[in-house]
file my_file-v7.txt (compact mmCIF, C-alpha atoms and all ligand atoms)
# COMPACT_ATOMS: atom_id res chain seq x y z
CA PRO A 1 -15.67 12.62 -16.22
CA VAL A 2 -13.68 9.39 -16.37
CA LEU A 3 -10.22 9.02 -14.83
CA ARG A 4 -7.90 7.89 -17.63
CA VAL A 5 -5.11 5.78 -16.17
CA ALA A 6 -1.83 4.42 -17.53
CA MET A 7 -0.43 1.39 -15.68
CA MET A 8 3.33 1.28 -15.15
CA GLY A 9 4.97 -2.09 -14.37
CA LEU A 10 2.74 -4.75 -15.91
CA GLY A 11 3.23 -7.50 -13.33
CA SER A 12 0.86 -9.46 -11.20
CA TYR A 13 -0.72 -6.60 -9.24
CA ALA A 14 -1.09 -4.40 -12.34
CA ASN A 15 -3.08 -7.21 -13.94
CA ARG A 16 -5.30 -7.52 -10.88
CA VAL A 17 -5.98 -3.77 -10.81
CA ALA A 18 -6.62 -3.59 -14.55
CA ASP A 19 -9.04 -6.53 -14.48
CA ALA A 20 -10.87 -4.99 -11.51
CA MET A 21 -11.10 -1.67 -13.35
CA LYS A 22 -13.20 -3.29 -16.08
CA SER A 23 -16.07 -2.92 -13.59
CA CYS A 24 -15.34 0.75 -12.89
CA VAL A 25 -17.68 3.43 -14.18
CA LYS A 26 -15.44 6.40 -13.35
CA ALA A 27 -11.96 5.00 -14.11
CA LYS A 28 -10.48 3.36 -17.19
CA ILE A 29 -7.13 1.91 -18.32
CA VAL A 30 -6.08 3.88 -21.38
CA GLY A 31 -2.30 3.51 -21.42
CA VAL A 32 0.73 1.50 -20.31
CA VAL A 33 4.40 1.97 -19.42
CA SER A 34 6.48 -1.20 -19.75
CA GLY A 35 9.95 -2.42 -20.64
CA THR A 36 8.57 -5.54 -22.34
CA PRO A 37 7.18 -5.13 -25.90
CA GLU A 38 5.19 -8.39 -25.70
CA LYS A 39 3.36 -7.20 -22.58
CA ILE A 40 2.50 -3.93 -24.30
CA THR A 41 0.90 -5.72 -27.27
CA ASP A 42 -0.95 -8.10 -24.95
CA TRP A 43 -2.36 -5.18 -22.93
CA GLN A 44 -3.26 -3.30 -26.11
CA ASP A 45 -5.32 -6.31 -27.20
CA ARG A 46 -6.92 -6.86 -23.82
CA PHE A 47 -7.81 -3.27 -23.02
CA GLY A 48 -8.05 -1.62 -26.43
CA ILE A 49 -5.09 0.67 -25.77
CA PRO A 50 -4.00 2.85 -28.73
CA GLY A 51 -0.31 2.81 -29.72
CA LYS A 52 0.05 6.51 -28.92
CA ASN A 53 -0.64 5.74 -25.22
CA CYS A 54 2.11 3.09 -24.94
CA TYR A 55 5.40 4.07 -23.34
CA THR A 56 8.71 2.56 -22.21
CA TYR A 57 10.73 3.48 -19.12
CA GLU A 58 13.03 5.45 -21.45
CA ASN A 59 10.41 7.65 -23.08
CA PHE A 60 7.54 8.07 -20.62
CA ASP A 61 8.58 11.67 -19.85
CA SER A 62 6.80 12.52 -23.09
CA LEU A 63 3.50 11.79 -21.31
CA LYS A 64 3.73 15.54 -20.83
CA SER A 65 2.43 16.15 -24.35
CA ASN A 66 -0.33 13.52 -24.16
CA PRO A 67 -3.67 15.10 -23.18
CA ASP A 68 -5.46 11.72 -23.07
CA ILE A 69 -3.91 10.37 -19.82
CA ASP A 70 -4.72 11.82 -16.37
CA ALA A 71 -2.78 9.58 -14.00
CA VAL A 72 -0.07 6.92 -13.92
CA TYR A 73 -0.47 3.98 -11.53
CA ILE A 74 2.98 2.72 -10.47
CA THR A 75 3.08 -1.01 -9.70
CA THR A 76 6.81 -1.59 -10.10
CA PRO A 77 9.09 -3.04 -7.38
CA ASN A 78 9.16 -0.76 -4.31
CA SER A 79 12.45 1.10 -4.77
CA LEU A 80 11.37 2.29 -8.22
CA HIS A 81 8.20 4.02 -6.97
CA ARG A 82 10.16 7.16 -6.03
CA PRO A 83 12.25 7.75 -9.19
CA TYR A 84 9.29 6.97 -11.46
CA ALA A 85 6.84 9.06 -9.41
CA VAL A 86 9.15 12.06 -9.67
CA ARG A 87 9.25 11.71 -13.47
CA VAL A 88 5.49 11.17 -13.75
CA ALA A 89 4.87 14.30 -11.69
CA ALA A 90 7.28 16.28 -13.86
CA ALA A 91 5.24 15.13 -16.86
CA GLY A 92 2.21 16.77 -15.25
CA LYS A 93 0.26 13.58 -14.45
CA HIS A 94 -1.28 12.55 -11.13
CA VAL A 95 0.71 9.80 -9.40
CA ILE A 96 -0.84 6.67 -7.92
CA SER A 97 1.80 4.60 -6.14
CA GLU A 98 1.48 1.14 -4.73
CA LYS A 99 2.38 0.43 -1.12
CA PRO A 100 4.91 0.86 0.36
CA MET A 101 4.90 4.35 -1.16
CA ALA A 102 8.73 4.30 -1.14
CA VAL A 103 11.50 2.42 0.66
CA ASN A 104 12.18 5.09 3.29
CA ALA A 105 10.80 8.40 4.53
CA ALA A 106 13.39 10.51 2.68
CA ASP A 107 12.26 9.03 -0.66
CA GLY A 108 8.61 9.47 0.35
CA GLN A 109 9.22 13.13 1.08
CA LEU A 110 10.85 13.57 -2.35
CA MET A 111 7.70 12.16 -3.97
CA ILE A 112 5.47 14.55 -2.02
CA ASP A 113 7.69 17.51 -2.91
CA ALA A 114 7.81 16.58 -6.61
CA CYS A 115 4.01 16.29 -6.83
CA LYS A 116 3.48 19.54 -4.97
CA LYS A 117 5.92 21.35 -7.26
CA ALA A 118 4.21 19.96 -10.36
CA GLY A 119 0.71 20.69 -9.07
CA VAL A 120 -0.41 17.05 -9.31
CA LYS A 121 -1.89 14.78 -6.67
CA LEU A 122 -0.19 11.78 -5.08
CA LEU A 123 -2.28 8.82 -3.93
CA VAL A 124 -1.23 5.48 -2.41
CA GLY A 125 -3.02 2.21 -3.20
CA TYR A 126 -4.41 1.75 0.31
CA ARG A 127 -7.36 -0.33 -0.92
CA LEU A 128 -8.56 -1.16 2.61
CA HIS A 129 -9.28 2.51 3.31
CA PHE A 130 -12.45 2.01 1.24
CA GLU A 131 -13.31 -1.52 2.36
CA ALA A 132 -16.78 -1.68 3.88
CA ARG A 133 -16.17 -4.09 6.78
CA THR A 134 -13.02 -2.22 7.77
CA LEU A 135 -15.00 1.03 7.71
CA GLU A 136 -17.75 -0.62 9.78
CA VAL A 137 -15.21 -1.20 12.59
CA VAL A 138 -13.76 2.30 12.20
CA ARG A 139 -17.26 3.81 12.47
CA MET A 140 -18.01 1.79 15.59
CA ARG A 141 -14.77 2.95 17.19
CA GLN A 142 -15.51 6.57 16.27
CA ALA A 143 -19.00 6.22 17.78
CA GLY A 144 -17.43 5.01 21.03
CA GLU A 145 -18.92 1.52 20.80
CA PHE A 146 -15.68 -0.12 21.95
CA GLY A 147 -15.19 2.44 24.71
CA LYS A 148 -11.68 3.67 25.39
CA ILE A 149 -9.37 1.65 23.13
CA ARG A 150 -6.55 -0.14 24.92
CA PHE A 151 -4.91 -2.54 22.49
CA PHE A 152 -4.44 -3.52 18.86
CA GLN A 153 -2.84 -6.67 17.53
CA GLY A 154 -1.77 -6.97 13.90
CA LEU A 155 -0.43 -10.20 12.41
CA SER A 156 0.80 -9.95 8.82
CA GLY A 157 2.73 -12.63 7.01
CA PHE A 158 3.12 -15.47 4.58
CA ARG A 159 5.84 -17.93 3.57
CA ILE A 160 7.54 -16.44 0.55
CA GLY A 161 8.60 -18.75 -2.31
CA ASP A 162 11.15 -18.22 -5.11
CA PRO A 163 14.38 -16.94 -3.53
CA THR A 164 15.34 -15.08 -6.74
CA GLN A 165 12.29 -12.76 -6.80
CA TRP A 166 12.65 -8.99 -6.41
CA ARG A 167 10.90 -9.08 -2.99
CA LEU A 168 14.05 -10.75 -1.62
CA ASN A 169 16.41 -8.30 -3.33
CA LYS A 170 17.29 -5.36 -1.08
CA GLN A 171 18.08 -3.11 -4.05
CA LEU A 172 14.55 -3.45 -5.45
CA ALA A 173 12.45 -4.23 -2.36
CA GLY A 174 14.14 -1.82 0.05
CA GLY A 175 13.72 -4.35 2.87
CA GLY A 176 11.99 -7.62 3.61
CA SER A 177 8.63 -8.62 5.01
CA MET A 178 8.14 -5.25 6.74
CA MET A 179 8.09 -3.39 3.40
CA ASP A 180 5.76 -5.83 1.74
CA ILE A 181 3.34 -7.21 4.31
CA GLY A 182 4.26 -5.73 7.72
CA VAL A 183 3.16 -2.35 6.38
CA TYR A 184 -0.43 -3.65 6.57
CA SER A 185 -0.14 -4.03 10.33
CA ILE A 186 1.44 -0.58 10.64
CA ASN A 187 -1.22 1.09 8.53
CA GLY A 188 -3.96 -1.02 10.14
CA ALA A 189 -2.86 -0.10 13.67
CA ARG A 190 -3.23 3.55 12.70
CA TYR A 191 -6.68 3.32 11.10
CA MET A 192 -8.11 0.86 13.58
CA LEU A 193 -6.94 2.94 16.57
CA GLY A 194 -7.50 6.31 14.87
CA GLU A 195 -4.18 7.68 16.17
CA ASP A 196 -0.56 7.95 15.11
CA PRO A 197 2.09 6.26 17.26
CA ILE A 198 4.63 8.20 19.33
CA TRP A 199 7.12 5.40 19.98
CA VAL A 200 8.29 2.10 18.54
CA THR A 201 10.17 -0.92 19.86
CA ALA A 202 11.09 -3.88 17.65
CA GLN A 203 12.88 -7.23 17.61
CA GLU A 204 14.05 -9.26 14.62
CA THR A 205 14.35 -13.03 14.23
CA LYS A 206 16.15 -14.61 11.28
CA THR A 207 16.09 -18.41 10.89
CA ASP A 208 17.30 -18.52 7.26
CA PRO A 209 20.09 -16.02 6.51
CA VAL A 210 20.73 -17.63 3.12
CA LYS A 211 17.25 -16.91 1.79
CA PHE A 212 16.84 -13.67 3.78
CA LYS A 213 20.08 -11.81 3.10
CA ALA A 214 21.37 -8.68 4.85
CA GLY A 215 18.76 -5.94 4.70
CA ILE A 216 15.93 -8.40 4.03
CA ASP A 217 14.01 -8.93 7.26
CA GLU A 218 12.40 -12.34 7.65
CA THR A 219 10.43 -11.79 10.87
CA ILE A 220 10.05 -8.66 13.00
CA GLN A 221 7.86 -8.22 16.05
CA PHE A 222 7.16 -4.60 16.88
CA GLN A 223 5.24 -2.58 19.39
CA LEU A 224 3.74 0.88 18.96
CA GLY A 225 2.70 3.32 21.68
CA PHE A 226 -0.05 5.88 21.08
CA PRO A 227 -0.87 9.26 22.69
CA SER A 228 -4.06 7.90 24.29
CA GLY A 229 -2.06 5.22 26.10
CA ALA A 230 -3.20 2.46 23.74
CA VAL A 231 -0.52 0.03 22.57
CA ALA A 232 -0.16 -2.16 19.50
CA SER A 233 1.71 -5.44 19.22
CA CYS A 234 2.43 -6.65 15.68
CA LEU A 235 4.22 -9.36 13.74
CA SER A 236 5.57 -9.11 10.21
CA THR A 237 6.98 -12.22 8.56
CA TYR A 238 7.98 -13.91 5.30
CA ASN A 239 8.26 -17.29 6.98
CA MET A 240 4.87 -18.22 8.48
CA ASN A 241 1.53 -18.79 6.81
CA ASN A 242 -2.01 -17.84 7.79
CA LEU A 243 -1.12 -14.56 9.45
CA ASP A 244 -3.72 -11.97 8.47
CA ARG A 245 -5.44 -10.91 11.66
CA PHE A 246 -6.41 -7.62 13.31
CA PHE A 247 -7.74 -7.46 16.86
CA LEU A 248 -8.87 -4.29 18.59
CA THR A 249 -10.08 -4.12 22.15
CA GLY A 250 -11.42 -1.37 24.34
CA GLU A 251 -13.15 -0.97 27.68
CA LYS A 252 -16.58 -1.82 26.25
CA GLY A 253 -15.99 -4.18 23.34
CA PHE A 254 -13.75 -5.63 20.66
CA ALA A 255 -13.37 -6.23 16.93
CA GLU A 256 -11.57 -9.11 15.30
CA MET A 257 -10.92 -9.39 11.55
CA VAL A 258 -9.57 -12.60 9.97
CA PRO A 259 -8.67 -12.14 7.19
CA SER A 260 -8.11 -8.44 7.72
CA THR A 261 -6.11 -7.33 4.67
CA GLY A 262 -6.29 -10.03 1.97
CA TYR A 263 -8.22 -9.51 -1.24
CA GLY A 264 -11.35 -10.62 0.52
CA PRO A 265 -14.05 -11.01 1.30
CA LEU A 266 -12.71 -9.87 4.67
CA LYS A 267 -14.40 -11.47 7.65
CA GLY A 268 -14.87 -10.17 11.12
CA LYS A 269 -16.89 -9.86 14.23
CA THR A 270 -17.31 -7.51 17.14
CA HIS A 271 -18.90 -7.91 20.59
CA LYS A 272 -22.15 -7.01 18.77
CA GLY A 273 -21.92 -9.72 16.10
CA GLU A 274 -20.63 -10.44 12.60
CA LEU A 275 -19.54 -7.73 10.18
CA THR A 276 -22.01 -7.95 7.31
CA SER A 277 -21.31 -5.13 4.84
CA PRO A 278 -21.29 -6.40 1.25
CA HIS A 279 -17.95 -7.28 -0.35
CA ILE A 280 -16.90 -5.30 -3.41
CA THR A 281 -13.64 -6.09 -5.26
CA HIS A 282 -11.19 -3.84 -3.43
CA GLN A 283 -9.38 -2.59 -6.51
CA THR A 284 -12.65 -1.70 -8.30
CA GLN A 285 -13.83 0.26 -5.31
CA GLN A 286 -10.46 1.94 -4.81
CA MET A 287 -10.25 3.14 -8.41
CA GLU A 288 -13.83 4.48 -8.41
CA GLN A 289 -12.95 6.46 -5.29
CA PHE A 290 -9.58 7.58 -6.68
CA ALA A 291 -11.44 9.00 -9.69
CA GLY A 292 -13.63 11.03 -7.33
CA ILE A 293 -10.57 12.28 -5.43
CA LEU A 294 -8.48 13.16 -8.50
CA LEU A 295 -11.20 14.57 -10.74
CA GLU A 296 -13.82 15.93 -8.36
CA GLY A 297 -11.75 16.82 -5.29
CA LYS A 298 -13.63 14.34 -3.08
CA SER A 299 -12.01 13.07 0.10
CA ALA A 300 -11.36 9.50 1.24
CA PRO A 301 -12.94 7.97 4.37
CA ILE A 302 -9.37 7.35 5.61
CA PRO A 303 -6.64 9.45 3.91
CA VAL A 304 -4.78 7.90 0.93
CA ASP A 305 -2.47 10.81 0.10
CA GLY A 306 1.31 11.14 0.17
CA GLU A 307 1.33 12.36 3.77
CA GLU A 308 -0.48 9.18 4.80
CA GLY A 309 2.07 7.07 2.90
CA LEU A 310 4.92 9.02 4.50
CA LYS A 311 3.67 8.28 8.03
CA ASP A 312 3.98 4.54 7.40
CA LEU A 313 7.49 5.03 5.97
CA LYS A 314 8.56 7.00 9.05
CA ILE A 315 7.32 4.13 11.20
CA ILE A 316 9.19 1.57 9.05
CA ASP A 317 12.39 3.64 9.36
CA ALA A 318 11.87 3.74 13.15
CA ILE A 319 11.23 -0.02 13.32
CA TYR A 320 14.49 -0.75 11.47
CA GLU A 321 16.32 1.66 13.78
CA ALA A 322 14.78 0.02 16.86
CA VAL A 323 15.85 -3.43 15.59
CA LYS A 324 19.40 -2.18 15.03
CA THR A 325 19.84 -0.31 18.31
CA GLY A 326 17.59 -2.35 20.58
CA GLU A 327 16.29 1.00 21.87
CA LYS A 328 12.84 2.51 22.01
CA VAL A 329 12.58 5.02 19.15
CA MET A 330 10.43 8.12 19.59
CA LEU A 331 8.31 9.24 16.63
CA LYS A 332 6.96 12.58 15.44
CA LEU A 333 4.54 12.00 12.57
P1 LIG A 401 5.47 -8.21 -9.92
O1 LIG A 401 6.86 -8.70 -9.87
O2 LIG A 401 4.41 -9.16 -10.31
O3 LIG A 401 5.38 -6.96 -10.92
C1 LIG A 401 6.35 -5.95 -10.94
C2 LIG A 401 6.46 -5.40 -12.36
O4 LIG A 401 7.45 -4.38 -12.41
C3 LIG A 401 6.86 -6.47 -13.39
O5 LIG A 401 6.01 -6.40 -14.50
C4 LIG A 401 8.28 -6.08 -13.77
O6 LIG A 401 8.59 -6.41 -15.09
C5 LIG A 401 8.23 -4.57 -13.58
N1 LIG A 401 9.55 -3.94 -13.43
C6 LIG A 401 9.86 -2.74 -13.93
N2 LIG A 401 11.13 -2.44 -13.69
C7 LIG A 401 11.66 -3.47 -13.04
C8 LIG A 401 12.97 -3.76 -12.53
N3 LIG A 401 13.98 -2.89 -12.66
N4 LIG A 401 13.14 -4.92 -11.90
C9 LIG A 401 12.15 -5.80 -11.75
N5 LIG A 401 10.90 -5.60 -12.22
C10 LIG A 401 10.66 -4.44 -12.86
O7 LIG A 401 5.18 -7.56 -8.50
P2 LIG A 401 3.74 -7.19 -7.91
O8 LIG A 401 3.32 -8.25 -6.98
O9 LIG A 401 2.83 -6.82 -9.00
O10 LIG A 401 4.09 -5.91 -7.01
C11 LIG A 401 4.29 -4.63 -7.58
C12 LIG A 401 4.02 -3.54 -6.54
O11 LIG A 401 2.66 -3.62 -6.12
C13 LIG A 401 4.85 -3.63 -5.27
O12 LIG A 401 5.20 -2.35 -4.83
C14 LIG A 401 3.92 -4.29 -4.28
O13 LIG A 401 4.18 -3.94 -2.93
C15 LIG A 401 2.58 -3.76 -4.73
N6 LIG A 401 1.46 -4.68 -4.41
C16 LIG A 401 0.37 -4.20 -3.77
C17 LIG A 401 -0.68 -5.03 -3.46
C18 LIG A 401 -1.91 -4.50 -2.77
O14 LIG A 401 -2.76 -5.29 -2.37
N7 LIG A 401 -2.06 -3.21 -2.65
C19 LIG A 401 -0.63 -6.37 -3.82
C20 LIG A 401 0.49 -6.84 -4.50
C21 LIG A 401 1.53 -5.98 -4.79
call {"tool": "encode", "arguments": {"input": "my_file-v7.txt", "output": "structure tokens"}}
result
Amino acid sequence: PVLRVAMMGLGSYANRVADAMKSCVKAKIVGVVSGTPEKITDWQDRFGIPGKNCYTYENFDSLKSNPDIDAVYITTPNSLHRPYAVRVAAAGKHVISEKPMAVNAADGQLMIDACKKAGVKLLVGYRLHFEARTLEVVRMRQAGEFGKIRFFQGLSGFRIGDPTQWRLNKQLAGGGSMMDIGVYSINGARYMLGEDPIWVTAQETKTDPVKFKAGIDETIQFQLGFPSGAVASCLSTYNMNNLDRFFLTGEKGFAEMVPSTGYGPLKGKTHKGELTSPHITHQTQQMEQFAGILLEGKSAPIPVDGEEGLKDLKIIDAIYEAVKTGEKVMLKL
């Protein structure tokens, strides 16, 4: 069986996913949801999409009566993931949401509840959970090759351009760099260490309050404490370039990945040498695997479900609280 996907929000990432899906065997773009008629016609031409599989934000609830679409992949601005996911679920279609799954844990929980109620699955576009070099490090850690893990460092950031874009609009983005890029360090800390954190501390720096308005974080440093005693130290920023690095160290060895989360190829080494697994376009690989999960009940090497997305949102909520109060915030994930 082939997973028949409708893309919602035909922006830059939707285009990347759709192009990557041309190489998929088990997943195919068959529909679109968009507010822009010209984009719909363009996508129809490029992907051979029939008119009956084209929807607007006003009428996509009628997906319910369309038997030719299995899942909707939501690549809209962050704050819209939740309201649209709830409607997609009510229409009886599986929901694939981009990261961050929502803009806070309460919204994330609503998405999980809506999908459960409708009997559909909810997946988050955590493309690195299938990435071979990442999985090489995870396997080494699981096999004890690094010994007892002590420390993780995650650096995630870039200098953001156009001040008018939705990523700098609190209403649409839900927050600043943490929502967009810092979430990679949060998620990475969890899969590299193989544990969920129990506390958070965090500090914010803002050098440009005109560009980064209230509610839009420019730079946040945060620390996570884990049950094993391991700690993570991370940086999330919209105002520095060349920050895409993971470092993991234990009593017997280390892993370093630079870049660690970009579109790849990712590069890395451990105390045993270079990571050498072949690079496959992340979005192609992700969608092949999503087809297996949604249609055949397969499981992911690292979870990509709503509960996984919710954990990151709970950590983001805790980081913002720690910034505001200056206190250590305890977590129960
Ligand atoms: P984008 O601005 O290029 O695309 C967003 C799309 O949503 C546009 O087509 C826009 O028209 C549409 N949209 C619908 N309703 C809108 C509204 N009310 N206001 C503004 N735009 C609206 O953004 P993008 O870079 O494609 O990011 C989209 C999502 O994908 C974000 O959640 C982002 O975090 C995620 N993303 C994930 C990755 C990844 O590697 N997994 C990479 C990039 C983006």
call {"tool": "residues_near_ligand", "arguments": {"input": "my_file-v7.txt", "ligand": "ligand LIG 401 (chain A)", "cutoff": "9 Å", "atoms": "all atoms listed in the file", "output": "NGL selection string"}}
result
:A and (8-16 or 34-36 or 39 or 57 or 74-81 or 97-102 or 124-128 or 165-167 or 172-173 or 179-181 or 261-263 or 282-283)
call {"tool": "write_last_selection", "arguments": {"input": "my_file-v7.txt", "atoms": "C-alpha atoms", "output": "JSON list (two decimals), keeping the file's coordinate frame"}}
result
[["chain", "number", "residue", "atom", "x", "y", "z"],
["A", 8, "MET", "CA", 3.33, 1.28, -15.15],
["A", 9, "GLY", "CA", 4.97, -2.09, -14.37],
["A", 10, "LEU", "CA", 2.74, -4.75, -15.91],
["A", 11, "GLY", "CA", 3.23, -7.50, -13.33],
["A", 12, "SER", "CA", 0.86, -9.46, -11.20],
["A", 13, "TYR", "CA", -0.72, -6.60, -9.24],
["A", 14, "ALA", "CA", -1.09, -4.40, -12.34],
["A", 15, "ASN", "CA", -3.08, -7.21, -13.94],
["A", 16, "ARG", "CA", -5.30, -7.52, -10.88],
["A", 34, "SER", "CA", 6.48, -1.20, -19.75],
["A", 35, "GLY", "CA", 9.95, -2.42, -20.64],
["A", 36, "THR", "CA", 8.57, -5.54, -22.34],
["A", 39, "LYS", "CA", 3.36, -7.20, -22.58],
["A", 57, "TYR", "CA", 10.73, 3.48, -19.12],
["A", 74, "ILE", "CA", 2.98, 2.72, -10.47],
["A", 75, "THR", "CA", 3.08, -1.01, -9.70],
["A", 76, "THR", "CA", 6.81, -1.59, -10.10],
["A", 77, "PRO", "CA", 9.09, -3.04, -7.38],
["A", 78, "ASN", "CA", 9.16, -0.76, -4.31],
["A", 79, "SER", "CA", 12.45, 1.10, -4.77],
["A", 80, "LEU", "CA", 11.37, 2.29, -8.22],
["A", 81, "HIS", "CA", 8.20, 4.02, -6.97],
["A", 97, "SER", "CA", 1.80, 4.60, -6.14],
["A", 98, "GLU", "CA", 1.48, 1.14, -4.73],
["A", 99, "LYS", "CA", 2.38, 0.43, -1.12],
["A", 100, "PRO", "CA", 4.91, 0.86, 0.36],
["A", 101, "MET", "CA", 4.90, 4.35, -1.16],
["A", 102, "ALA", "CA", 8.73, 4.30, -1.14],
["A", 124, "VAL", "CA", -1.23, 5.48, -2.41],
["A", 125, "GLY", "CA", -3.02, 2.21, -3.20],
["A", 126, "TYR", "CA", -4.41, 1.75, 0.31],
["A", 127, "ARG", "CA", -7.36, -0.33, -0.92],
["A", 128, "LEU", "CA", -8.56, -1.16, 2.61],
["A", 165, "GLN", "CA", 12.29, -12.76, -6.80],
["A", 166, "TRP", "CA", 12.65, -8.99, -6.41],
["A", 167, "ARG", "CA", 10.90, -9.08, -2.99],
["A", 172, "LEU", "CA", 14.55, -3.45, -5.45],
["A", 173, "ALA", "CA", 12.45, -4.23, -2.36],
["A", 179, "MET", "CA", 8.09, -3.39, 3.40],
["A", 180, "ASP", "CA", 5.76, -5.83, 1.74],
["A", 181, "ILE", "CA", 3.34, -7.21, 4.31],
["A", 261, "THR", "CA", -6.11, -7.33, 4.67],
["A", 262, "GLY", "CA", -6.29, -10.03, 1.97],
["A", 263, "TYR", "CA", -8.22, -9.51, -1.24],
["A", 282, "HIS", "CA", -11.19, -3.84, -3.43],
["A", 283, "GLN", "CA", -9.38, -2.59, -6.51]]
call {"tool": "atom_distance", "arguments": {"input": "my_file-v7.txt", "atom1": "atom CA of Lys211 of chain A", "atom2": "atom CA of Ser185 of chain A"}}
result
23.3 Å
call {"tool": "closest_residue", "arguments": {"input": "my_file-v7.txt", "among": "A:Phe247, A:Leu313, A:Asp61, A:Gly297", "to": "Val183 of chain A", "atoms": "only C-alpha atoms"}}
result
A:Leu313
call {"tool": "closest_residue", "arguments": {"input": "my_file-v7.txt", "among": "A:Pro265, A:Gly194, A:Gly292, A:Pro83", "to": "Met140 of chain A", "atoms": "all atoms listed in the file"}}
result
A:Gly194
call {"tool": "closest_residue", "arguments": {"input": "my_file-v7.txt", "among": "A:Gly326, A:Gly154, A:Gly229, A:Gly268", "to": "Thr201 of chain A", "atoms": "all atoms listed in the file"}}
result
A:Gly326
call {"tool": "closest_residue", "arguments": {"input": "my_file-v7.txt", "among": "A:Ser236, A:Asn169, A:Ile315, A:Arg82", "to": "Val103 of chain A", "atoms": "only C-alpha atoms"}}
result
A:Arg82
call {"tool": "decode", "arguments": {"input": "my_file-v7.txt", "residues": "segment 74-85 of chain A", "atoms": "N, CA and C atoms", "output": "mmCIF file, in the first residue's frame"}}
result
data_model
loop_
_atom_site.group_PDB
_atom_site.id
_atom_site.type_symbol
_atom_site.label_atom_id
_atom_site.label_comp_id
_atom_site.auth_asym_id
_atom_site.auth_seq_id
_atom_site.Cartn_x
_atom_site.Cartn_y
_atom_site.Cartn_z
ATOM 1 N N ILE A 74 0.916 18.806 7.966
ATOM 2 C CA ILE A 74 0.731 20.231 8.286
ATOM 3 C C ILE A 74 2.081 20.957 8.360
ATOM 4 N N THR A 75 2.314 21.848 7.417
ATOM 5 C CA THR A 75 3.562 22.633 7.404
ATOM 6 C C THR A 75 3.234 24.130 7.399
ATOM 7 N N THR A 76 2.245 24.489 8.206
ATOM 8 C CA THR A 76 1.889 25.897 8.390
ATOM 9 C C THR A 76 2.761 26.487 9.503
ATOM 10 N N PRO A 77 2.671 27.810 9.740
ATOM 11 C CA PRO A 77 3.314 28.380 10.933
ATOM 12 C C PRO A 77 2.864 27.632 12.197
ATOM 13 N N ASN A 78 3.742 27.632 13.212
ATOM 14 C CA ASN A 78 3.595 26.779 14.396
ATOM 15 C C ASN A 78 2.239 26.837 15.109
ATOM 16 N N SER A 79 1.725 28.042 15.334
ATOM 17 C CA SER A 79 0.522 28.157 16.168
ATOM 18 C C SER A 79 -0.699 27.566 15.468
ATOM 19 N N LEU A 80 -0.605 27.348 14.163
ATOM 20 C CA LEU A 80 -1.747 26.797 13.423
ATOM 21 C C LEU A 80 -1.738 25.274 13.394
ATOM 22 N N HIS A 81 -0.649 24.648 13.843
ATOM 23 C CA HIS A 81 -0.605 23.180 13.834
ATOM 24 C C HIS A 81 -1.777 22.616 14.637
ATOM 25 N N ARG A 82 -1.997 23.173 15.839
ATOM 26 C CA ARG A 82 -3.037 22.625 16.720
ATOM 27 C C ARG A 82 -4.439 22.766 16.130
ATOM 28 N N PRO A 83 -4.900 23.994 15.790
ATOM 29 C CA PRO A 83 -6.282 24.070 15.279
ATOM 30 C C PRO A 83 -6.485 23.236 14.016
ATOM 31 N N TYR A 84 -5.493 23.208 13.132
ATOM 32 C CA TYR A 84 -5.670 22.446 11.891
ATOM 33 C C TYR A 84 -5.592 20.944 12.157
ATOM 34 N N ALA A 85 -4.738 20.522 13.071
ATOM 35 C CA ALA A 85 -4.639 19.094 13.394
ATOM 36 C C ALA A 85 -5.956 18.581 13.956
#
